[in-house]
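*Asks:* My file is input-v5.tsv. It has TSV, C-alpha atoms:
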```
chain	number	residue	atom	x	y	z
A	1	MET	CA	67.34	-57.44	39.28
A	2	SER	CA	70.39	-59.08	40.70
A	3	GLN	CA	73.43	-59.91	38.63
A	4	ASP	CA	76.36	-62.13	39.60
A	5	PHE	CA	79.64	-60.46	38.73
A	6	ARG	CA	81.83	-63.30	39.99
A	7	THR	CA	83.97	-65.32	37.58
A	8	ASP	CA	83.33	-69.03	36.95
A	9	MET	CA	86.44	-69.91	38.99
A	10	SER	CA	85.25	-67.76	41.89
A	11	ARG	CA	81.84	-69.53	41.88
A	12	VAL	CA	83.44	-72.99	41.79
A	13	LYS	CA	85.77	-72.18	44.69
A	14	GLY	CA	82.87	-70.73	46.65
A	15	HIS	CA	84.91	-68.61	49.02
A	16	GLY	CA	83.19	-65.66	50.64
A	17	SER	CA	84.69	-62.66	52.41
A	18	ALA	CA	87.24	-63.37	55.14
A	19	HIS	CA	85.87	-60.38	57.11
A	20	ASN	CA	89.30	-59.31	58.34
A	21	GLY	CA	90.39	-56.77	55.73
A	22	THR	CA	89.41	-53.67	57.69
A	23	HIS	CA	91.77	-54.42	60.56
A	24	HIS	CA	94.66	-54.97	58.14
A	25	PHE	CA	93.79	-51.76	56.27
A	26	ILE	CA	93.71	-49.59	59.41
A	27	ALA	CA	96.75	-51.20	61.11
A	28	HIS	CA	98.82	-50.75	57.94
A	29	ARG	CA	97.95	-47.04	57.78
A	30	VAL	CA	98.44	-46.34	61.49
A	31	SER	CA	101.94	-47.87	61.34
A	32	ALA	CA	102.57	-45.85	58.14
A	33	ILE	CA	101.75	-42.60	59.98
A	34	ILE	CA	104.15	-43.51	62.83
A	35	LEU	CA	106.85	-44.23	60.23
A	36	ALA	CA	106.22	-40.98	58.34
A	37	ILE	CA	106.72	-39.07	61.61
A	38	THR	CA	109.82	-40.97	62.82
A	39	VAL	CA	111.70	-41.43	59.51
A	40	PRO	CA	112.84	-37.76	59.22
A	41	PHE	CA	114.28	-37.90	62.78
A	42	LEU	CA	116.00	-41.22	62.00
A	43	VAL	CA	117.57	-39.89	58.78
A	44	TRP	CA	118.66	-36.71	60.59
A	45	GLY	CA	120.13	-38.89	63.37
A	46	ILE	CA	122.19	-40.93	60.89
A	47	LEU	CA	123.37	-37.82	59.02
A	48	SER	CA	124.39	-35.98	62.20
A	49	SER	CA	126.04	-39.06	63.78
A	50	ALA	CA	127.94	-40.44	60.78
A	51	PRO	CA	130.83	-37.88	60.79
A	52	ASP	CA	131.79	-38.92	64.37
A	53	GLY	CA	131.72	-42.66	63.72
A	54	PHE	CA	131.03	-45.05	66.62
A	55	ASP	CA	130.92	-42.26	69.23
A	56	GLY	CA	128.55	-40.22	67.07
A	57	PHE	CA	126.00	-43.05	66.74
A	58	LEU	CA	126.28	-43.90	70.45
A	59	ASP	CA	125.79	-40.26	71.46
A	60	TYR	CA	122.60	-40.19	69.40
A	61	ILE	CA	121.12	-43.46	70.74
A	62	GLU	CA	122.09	-42.60	74.32
A	63	THR	CA	119.75	-39.59	74.29
A	64	THR	CA	116.20	-40.40	75.40
A	65	PHE	CA	114.82	-38.76	72.26
A	66	GLY	CA	117.13	-40.74	69.96
A	67	ALA	CA	116.41	-44.06	71.68
A	68	LEU	CA	112.63	-43.52	71.75
A	69	THR	CA	112.35	-42.46	68.10
A	70	LEU	CA	114.49	-45.47	67.11
A	71	LEU	CA	112.37	-47.86	69.23
A	72	LEU	CA	109.18	-46.42	67.73
A	73	PHE	CA	110.66	-46.64	64.25
A	74	VAL	CA	111.89	-50.25	64.35
A	75	THR	CA	108.64	-51.43	65.99
A	76	ALA	CA	106.41	-49.69	63.44
A	77	ALA	CA	108.77	-50.66	60.59
A	78	PHE	CA	108.76	-54.41	61.29
A	79	PHE	CA	104.99	-54.35	61.89
A	80	HIS	CA	104.42	-52.41	58.65
A	81	GLY	CA	106.95	-54.53	56.74
A	82	ARG	CA	105.40	-57.81	57.86
A	83	SER	CA	101.94	-56.45	57.07
A	84	GLY	CA	103.04	-55.41	53.56
A	85	LEU	CA	105.00	-58.58	52.79
A	86	THR	CA	102.02	-60.66	53.97
A	87	GLU	CA	99.91	-58.84	51.37
A	88	VAL	CA	102.47	-59.56	48.64
A	89	ILE	CA	102.76	-63.24	49.65
A	90	LEU	CA	98.96	-63.68	49.68
A	91	ASP	CA	98.79	-62.11	46.20
A	92	TYR	CA	101.37	-64.27	44.46
A	93	THR	CA	101.62	-67.62	46.26
A	94	SER	CA	99.39	-70.44	47.46
A	95	GLY	CA	99.43	-73.68	49.45
A	96	GLY	CA	102.58	-74.80	51.22
A	97	THR	CA	104.75	-72.05	49.71
A	98	ARG	CA	102.34	-69.44	51.10
A	99	MET	CA	102.32	-71.01	54.56
A	100	GLY	CA	106.12	-71.32	54.60
A	101	LEU	CA	106.71	-67.74	53.49
A	102	LEU	CA	104.15	-66.31	55.95
A	103	LEU	CA	105.79	-68.23	58.78
A	104	ALA	CA	109.29	-67.16	57.65
A	105	VAL	CA	108.34	-63.48	57.44
A	106	THR	CA	106.71	-63.62	60.88
A	107	LEU	CA	109.75	-65.26	62.50
A	108	ILE	CA	112.25	-62.99	60.71
A	109	SER	CA	110.24	-59.90	61.68
A	110	ILE	CA	110.04	-60.85	65.36
A	111	GLY	CA	113.69	-61.98	65.45
A	112	PHE	CA	115.23	-58.87	63.90
A	113	TRP	CA	112.82	-56.57	65.77
A	114	LEU	CA	114.03	-58.16	69.03
A	115	LEU	CA	117.67	-57.82	67.92
A	116	ALA	CA	117.12	-54.10	67.20
A	117	VAL	CA	115.19	-53.43	70.43
A	118	LEU	CA	117.70	-55.27	72.65
A	119	SER	CA	120.59	-53.45	70.93
A	120	ILE	CA	118.94	-50.06	71.45
A	121	PHE	CA	118.23	-50.85	75.13
A	122	ARG	CA	121.78	-52.08	75.67
A	123	ILE	CA	123.21	-48.82	74.28
A	124	TRP	CA	120.60	-46.59	75.93
A	125	LEU	CA	120.80	-48.17	79.42
A	126	GLY	CA	124.56	-48.62	79.19
A	127	ALA	CA	125.01	-44.88	78.80
B	1	MET	CA	93.24	-74.50	37.32
B	2	GLY	CA	93.22	-76.91	34.35
B	3	SER	CA	89.61	-76.22	33.39
B	4	LYS	CA	88.59	-75.35	29.83
B	5	TRP	CA	88.69	-71.59	29.55
B	6	ASN	CA	87.89	-70.48	26.02
B	7	ASP	CA	87.57	-66.74	26.60
B	8	THR	CA	90.85	-65.24	25.40
B	9	ARG	CA	90.31	-61.91	27.16
B	10	PRO	CA	92.53	-61.41	30.23
B	11	LEU	CA	90.91	-62.15	33.59
B	12	SER	CA	92.88	-59.46	35.37
B	13	PRO	CA	95.17	-56.61	34.35
B	14	HIS	CA	98.29	-58.39	33.13
B	15	LEU	CA	101.50	-56.54	32.37
B	16	GLN	CA	101.61	-57.75	28.76
B	17	VAL	CA	98.27	-56.22	27.78
B	18	TRP	CA	98.32	-52.98	29.75
B	19	ARG	CA	99.81	-49.83	28.28
B	20	TRP	CA	102.39	-48.53	30.73
B	21	HIS	CA	101.42	-45.28	32.41
B	22	PRO	CA	102.82	-43.33	35.40
B	23	THR	CA	100.37	-44.50	38.08
B	24	MET	CA	100.96	-48.12	37.04
B	25	LEU	CA	104.71	-47.57	37.36
B	26	SER	CA	104.36	-45.93	40.79
B	27	SER	CA	102.06	-48.72	41.98
B	28	ILE	CA	104.59	-51.40	41.02
B	29	LEU	CA	107.46	-49.34	42.45
B	30	HIS	CA	105.57	-48.92	45.73
B	31	ARG	CA	105.45	-52.70	46.12
B	32	ALA	CA	109.03	-53.26	44.96
B	33	THR	CA	110.45	-50.52	47.21
B	34	GLY	CA	108.38	-51.85	50.12
B	35	VAL	CA	109.95	-55.30	49.78
B	36	ALA	CA	113.41	-53.74	49.41
B	37	LEU	CA	112.87	-51.60	52.53
B	38	TYR	CA	112.13	-54.75	54.52
B	39	LEU	CA	115.68	-55.87	53.71
B	40	ALA	CA	116.90	-52.38	54.68
B	41	ILE	CA	115.36	-52.56	58.19
B	42	ILE	CA	116.97	-56.00	58.67
B	43	LEU	CA	120.31	-54.35	57.81
B	44	LEU	CA	119.48	-51.53	60.27
B	45	SER	CA	118.92	-54.15	63.00
B	46	VAL	CA	122.30	-55.71	62.24
B	47	PHE	CA	123.90	-52.25	62.28
B	48	LEU	CA	122.36	-51.55	65.72
B	49	ALA	CA	123.62	-54.93	66.98
B	50	VAL	CA	127.14	-54.08	65.75
B	51	LEU	CA	126.92	-50.74	67.61
B	52	ALA	CA	125.70	-52.49	70.78
B	53	ALA	CA	128.55	-55.01	70.55
B	54	GLY	CA	131.02	-52.22	71.29
B	55	PRO	CA	133.74	-50.15	69.58
B	56	GLU	CA	136.05	-53.09	68.77
B	57	VAL	CA	133.36	-54.93	66.79
B	58	PHE	CA	132.27	-51.66	65.13
B	59	MET	CA	135.86	-51.01	64.01
B	60	ASN	CA	135.91	-54.36	62.19
B	61	TYR	CA	133.08	-53.15	59.97
B	62	SER	CA	133.60	-49.39	59.88
B	63	ALA	CA	135.81	-49.70	56.79
B	64	ILE	CA	132.72	-51.02	54.95
B	65	PHE	CA	130.37	-48.38	56.40
B	66	TYR	CA	132.75	-45.58	55.41
B	67	SER	CA	133.64	-46.93	51.96
B	68	PRO	CA	132.08	-45.84	48.64
B	69	LEU	CA	129.89	-48.95	49.05
B	70	GLY	CA	128.41	-47.38	52.19
B	71	ALA	CA	127.64	-44.14	50.36
B	72	ILE	CA	126.09	-46.03	47.43
B	73	GLY	CA	124.01	-48.12	49.85
B	74	PHE	CA	122.87	-44.94	51.64
B	75	PHE	CA	121.92	-43.36	48.28
B	76	ILE	CA	119.87	-46.40	47.21
B	77	VAL	CA	118.12	-46.83	50.58
B	78	ILE	CA	117.32	-43.11	50.88
B	79	GLY	CA	116.04	-43.09	47.28
B	80	ILE	CA	113.64	-46.01	47.72
B	81	LEU	CA	112.68	-44.82	51.23
B	82	SER	CA	111.85	-41.34	49.92
B	83	PHE	CA	109.77	-42.77	47.08
B	84	HIS	CA	107.90	-45.22	49.33
B	85	MET	CA	107.25	-42.55	51.95
B	86	LEU	CA	106.07	-39.83	49.52
B	87	ASN	CA	103.92	-42.34	47.62
B	88	GLY	CA	102.65	-43.74	50.94
B	89	ILE	CA	101.58	-40.26	52.05
B	90	ARG	CA	99.81	-39.95	48.71
B	91	HIS	CA	98.03	-43.25	49.45
B	92	LEU	CA	96.79	-41.74	52.73
B	93	ILE	CA	95.53	-38.70	50.79
B	94	TRP	CA	93.95	-41.00	48.17
B	95	ASP	CA	92.09	-42.79	51.00
B	96	SER	CA	90.44	-39.46	51.83
B	97	GLY	CA	89.20	-39.22	48.24
B	98	HIS	CA	91.52	-36.48	46.96
B	99	LEU	CA	94.04	-36.29	44.06
B	100	LEU	CA	92.38	-39.23	42.30
B	101	SER	CA	91.78	-37.77	38.82
B	102	PRO	CA	93.99	-39.52	36.20
B	103	PRO	CA	95.88	-36.39	34.98
B	104	VAL	CA	96.73	-35.29	38.55
B	105	ALA	CA	97.60	-38.83	39.68
B	106	ASN	CA	99.86	-39.38	36.65
B	107	ALA	CA	101.64	-36.04	37.05
B	108	MET	CA	102.17	-36.70	40.77
B	109	SER	CA	103.62	-40.16	40.05
B	110	ILE	CA	106.34	-38.56	37.93
B	111	ALA	CA	106.83	-35.75	40.47
B	112	ILE	CA	107.23	-38.24	43.35
B	113	ILE	CA	109.82	-40.33	41.46
B	114	ALA	CA	111.74	-37.15	40.60
B	115	ALA	CA	111.48	-35.80	44.18
B	116	ALA	CA	112.79	-39.09	45.60
B	117	ALA	CA	115.80	-38.94	43.27
B	118	VAL	CA	116.49	-35.30	44.24
B	119	ILE	CA	116.21	-36.06	47.98
B	120	ALA	CA	118.58	-39.05	47.61
B	121	VAL	CA	121.15	-36.93	45.76
B	122	ILE	CA	120.99	-34.06	48.29
B	123	LEU	CA	121.17	-36.25	51.42
B	124	THR	CA	123.97	-38.40	49.99
B	125	PHE	CA	125.88	-35.19	49.13
B	126	ILE	CA	125.41	-33.96	52.72
B	127	LEU	CA	126.59	-37.33	54.09
B	128	VAL	CA	129.65	-37.63	51.86
B	129	SER	CA	130.72	-34.01	52.33
B	130	SER	CA	130.36	-34.16	56.15
B	131	VAL	CA	132.03	-37.56	56.53
B	132	GLY	CA	134.74	-36.69	54.04
B	133	GLY	CA	135.99	-34.00	56.41
B	134	VAL	CA	136.95	-36.55	59.11
```
Would you kindly transcribe this structure into structure tokens?

*Replies:*
Amino acid sequence: MSQDFRTDMSRVKGHGSAHNGTHHFIAHRVSAIILAITVPFLVWGILSSAPDGFDGFLDYIETTFGALTLLLFVTAAFFHGRSGLTEVILDYTSGGTRMGLLLAVTLISIGFWLLAVLSIFRIWLGA
Amino acid sequence: MGSKWNDTRPLSPHLQVWRWHPTMLSSILHRATGVALYLAIILLSVFLAVLAAGPEVFMNYSAIFYSPLGAIGFFIVIGILSFHMLNGIRHLIWDSGHLLSPPVANAMSIAIIAAAAVIAVILTFILVSSVGGV
């Protein structure tokens, strides 16, 4: 006894599974775990650096530990953010809008990730 | 999309027909805070670029960083970050099959929202009181 639970619209469109959900699911959670570990260090870094202004922030990023946690954080954050925003865009948009937004989020993510990474390296290596 | 659809029942859970409950609120907030945090990491990148540009450039903006606006921004970002992180950890626990019963999930939704607010207040207090001394 088989029963079709699909809606009329789903049957007309005739799309099947895209077979790529598992990768997205796991990658989103792995980046989430990296963020959950690095976020407390990042917040502590900001709180401990802020009273000393420019020198305080530089002292923090110039340490190997500070630079590495920041690099890990921004990399996981832009990956996780793009992954999450992609999900939101796929849920609420279609057609050209969807393509445009997906492209924009990808370019913005790579661009600002590069800006952050190059800035961290400049401070870290310039120490 | 323009086909004749005579069944008036909703096809999917729409906001107008669902009674609001805590897990629904935390689900929507998780998405909203996630999108907001994407803007926050873009701001973090800009902040790092300003730091890398040197002390002169930093001085041009430090009045903004160390104004009440900076403290308010810190409070908001820490609040939504705390919520998204606590709720995200709960999602990881949910994936393992635990804490899924409606009463527990609803109570935890309220607890997570409250905890995020408390964390934001405490950390902002620490920031303002330590910076205020300079």

*Asks:* Pick from A:Ile46, A:Leu35, A:Val105, A:Leu58: nearest to Ile89 in chain A, with only C-alpha atoms counted?

*Replies:*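 Of A:Ile46, A:Leu35, A:Val105, A:Leu58, the one nearest Ile89 in chain A, counting only C-alpha atoms, is A:Val105.
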
*Asks:* Pick out the residues sitting within 8 Å of Phe78 in chain A, and hand them over as a list in words; count only C-alpha atoms, and ignore anything fewer than 6 positions along from it in its own chain.

*Replies:*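 Surrounding residues, per the criterion: Ser109, Ile110 and Trp113 of chain A; Tyr38 and Ile41 of chain B.
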
*Asks:* For chain A, which residue among B:Ile64, B:Val118, B:Ser45, B:Asn87 is the nearest when counting all atoms listed in the file?

*Replies:*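 Selected residue with least distance to chain A: B:Ser45.
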
*Asks:* Looking at B:Leu48, B:Met24, B:Ala115, B:Leu39, which one is nearest to chain A, with distances taken over all atoms listed in the file?

*Replies:*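 Ranked by minimum distance to chain A, first place goes to B:Leu48.
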
*Asks:* Which chain B residues are at most 8 Å from chain A (counting only C-alpha atoms), as a PyMOL selection string?

*Replies:* chain B and resi 31+34-35+37-38+41-42+44-46+48-49+51-52+55+58+62+85+88-89+92+126-127+130-134

*Asks:* Separation of CA of Phe47 in chain B and CA of Ile78 in chain B, in Å?

*Replies:*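 Taking CA of Phe47 in chain B as the start and CA of Ile78 in chain B as the end point, the length is 16.0 Å.
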
*Asks:* Quick one: pull the distance between CA of Glu56 in chain B and CA of Asp59 in chain A, Å, one decimal.

*Replies:*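 Those two atoms sit 16.6 Å apart.
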
*Asks:* Take the point (116.4, -42.4, 76.4) as written in the file and pick out every residue within 10 Å of it, counting only C-alpha atoms; give the list as number ranges by chain.

*Replies:* A: 60-71, 120-121, 123-125, 127

*Asks:* Can you work out which one of A:Gln3, A:Ser10, A:Thr106, A:Thr38 has the shortest atom-to-atom distance to Leu72 in chain A, counting all atoms listed in the file?

*Replies:*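 For Leu72 in chain A, the nearest of the candidates is A:Thr38.
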
*Asks:* Have a look at A:Leu42, A:His24, A:Leu102, A:Leu107 and name the one nearest to Leu90 in chain A; count only C-alpha atoms.

*Replies:*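 Looking only at the distances to Leu90 in chain A, the closest residue turns out to be A:Leu102.
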
*Asks:* Just the number, please: distance in Å from CA of Ala116 in chain B to CA of Ile72 in chain B, one decimal.

*Replies:*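 Between CA of Ala116 in chain B and CA of Ile72 in chain B the gap works out to 15.1 Å.
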
*Asks:* Fewer than 6 positions away in the same chain doesn't count, so skip those; otherwise give me all residues within 8 Å of range 95-106 of chain B, counting only C-alpha atoms, as JSON, numbers by chain.

*Replies:* {"B": [21, 22, 23]}

*Asks:* Calculated over all atoms listed in the file, which of the candidates A:Asn20, A:Phe25, A:Gly45, A:Gly100 has the smallest distance to Ser83 in chain A?

*Replies:*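 Going through A:Asn20, A:Phe25, A:Gly45, A:Gly100 one by one, the smallest distance to Ser83 in chain A is for A:Phe25.
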
*Asks:* Supply range 27-47 of chain A as a PDB file, in the coordinates of the input, with N, CA and C atoms built in where the input has gaps.

*Replies:*
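The file below, rebuild-v2.pdb, is the result:
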```pdb
ATOM      1  N   ALA A  27      95.460 -50.977  60.437  1.00  0.00           N
ATOM      2  CA  ALA A  27      96.750 -51.200  61.110  1.00  0.00           C
ATOM      3  C   ALA A  27      97.904 -50.802  60.198  1.00  0.00           C
ATOM      4  N   HIS A  28      97.762 -51.097  58.881  1.00  0.00           N
ATOM      5  CA  HIS A  28      98.820 -50.750  57.940  1.00  0.00           C
ATOM      6  C   HIS A  28      98.997 -49.230  57.870  1.00  0.00           C
ATOM      7  N   ARG A  29      97.880 -48.503  57.894  1.00  0.00           N
ATOM      8  CA  ARG A  29      97.950 -47.040  57.780  1.00  0.00           C
ATOM      9  C   ARG A  29      98.406 -46.371  59.073  1.00  0.00           C
ATOM     10  N   VAL A  30      97.994 -46.915  60.211  1.00  0.00           N
ATOM     11  CA  VAL A  30      98.440 -46.340  61.490  1.00  0.00           C
ATOM     12  C   VAL A  30      99.959 -46.487  61.617  1.00  0.00           C
ATOM     13  N   SER A  31     100.489 -47.677  61.268  1.00  0.00           N
ATOM     14  CA  SER A  31     101.940 -47.870  61.340  1.00  0.00           C
ATOM     15  C   SER A  31     102.633 -46.980  60.307  1.00  0.00           C
ATOM     16  N   ALA A  32     101.992 -46.734  59.162  1.00  0.00           N
ATOM     17  CA  ALA A  32     102.570 -45.850  58.140  1.00  0.00           C
ATOM     18  C   ALA A  32     102.713 -44.425  58.674  1.00  0.00           C
ATOM     19  N   ILE A  33     101.707 -43.963  59.432  1.00  0.00           N
ATOM     20  CA  ILE A  33     101.750 -42.600  59.980  1.00  0.00           C
ATOM     21  C   ILE A  33     102.886 -42.486  60.998  1.00  0.00           C
ATOM     22  N   ILE A  34     103.052 -43.525  61.849  1.00  0.00           N
ATOM     23  CA  ILE A  34     104.150 -43.510  62.830  1.00  0.00           C
ATOM     24  C   ILE A  34     105.493 -43.465  62.098  1.00  0.00           C
ATOM     25  N   LEU A  35     105.607 -44.223  61.001  1.00  0.00           N
ATOM     26  CA  LEU A  35     106.850 -44.230  60.230  1.00  0.00           C
ATOM     27  C   LEU A  35     107.105 -42.879  59.580  1.00  0.00           C
ATOM     28  N   ALA A  36     106.046 -42.275  59.016  1.00  0.00           N
ATOM     29  CA  ALA A  36     106.220 -40.980  58.340  1.00  0.00           C
ATOM     30  C   ALA A  36     106.706 -39.916  59.319  1.00  0.00           C
ATOM     31  N   ILE A  37     106.295 -40.043  60.593  1.00  0.00           N
ATOM     32  CA  ILE A  37     106.720 -39.070  61.610  1.00  0.00           C
ATOM     33  C   ILE A  37     108.158 -39.350  62.061  1.00  0.00           C
ATOM     34  N   THR A  38     108.510 -40.644  62.247  1.00  0.00           N
ATOM     35  CA  THR A  38     109.820 -40.970  62.820  1.00  0.00           C
ATOM     36  C   THR A  38     110.953 -41.004  61.796  1.00  0.00           C
ATOM     37  N   VAL A  39     110.650 -41.309  60.526  1.00  0.00           N
ATOM     38  CA  VAL A  39     111.700 -41.430  59.510  1.00  0.00           C
ATOM     39  C   VAL A  39     112.572 -40.171  59.384  1.00  0.00           C
ATOM     40  N   PRO A  40     111.973 -38.941  59.328  1.00  0.00           N
ATOM     41  CA  PRO A  40     112.840 -37.760  59.220  1.00  0.00           C
ATOM     42  C   PRO A  40     113.821 -37.646  60.382  1.00  0.00           C
ATOM     43  N   PHE A  41     113.389 -37.962  61.617  1.00  0.00           N
ATOM     44  CA  PHE A  41     114.280 -37.900  62.780  1.00  0.00           C
ATOM     45  C   PHE A  41     115.397 -38.945  62.646  1.00  0.00           C
ATOM     46  N   LEU A  42     115.022 -40.146  62.157  1.00  0.00           N
ATOM     47  CA  LEU A  42     116.000 -41.220  62.000  1.00  0.00           C
ATOM     48  C   LEU A  42     117.066 -40.829  60.976  1.00  0.00           C
ATOM     49  N   VAL A  43     116.628 -40.295  59.826  1.00  0.00           N
ATOM     50  CA  VAL A  43     117.570 -39.890  58.780  1.00  0.00           C
ATOM     51  C   VAL A  43     118.470 -38.765  59.292  1.00  0.00           C
ATOM     52  N   TRP A  44     117.868 -37.800  60.004  1.00  0.00           N
ATOM     53  CA  TRP A  44     118.660 -36.710  60.590  1.00  0.00           C
ATOM     54  C   TRP A  44     119.670 -37.278  61.585  1.00  0.00           C
ATOM     55  N   GLY A  45     119.241 -38.266  62.389  1.00  0.00           N
ATOM     56  CA  GLY A  45     120.130 -38.890  63.370  1.00  0.00           C
ATOM     57  C   GLY A  45     121.330 -39.542  62.700  1.00  0.00           C
ATOM     58  N   ILE A  46     121.093 -40.271  61.610  1.00  0.00           N
ATOM     59  CA  ILE A  46     122.190 -40.930  60.890  1.00  0.00           C
ATOM     60  C   ILE A  46     123.137 -39.888  60.305  1.00  0.00           C
ATOM     61  N   LEU A  47     122.542 -38.837  59.658  1.00  0.00           N
ATOM     62  CA  LEU A  47     123.370 -37.820  59.020  1.00  0.00           C
ATOM     63  C   LEU A  47     124.215 -37.057  60.036  1.00  0.00           C
TER      64      LEU A  47
END
```
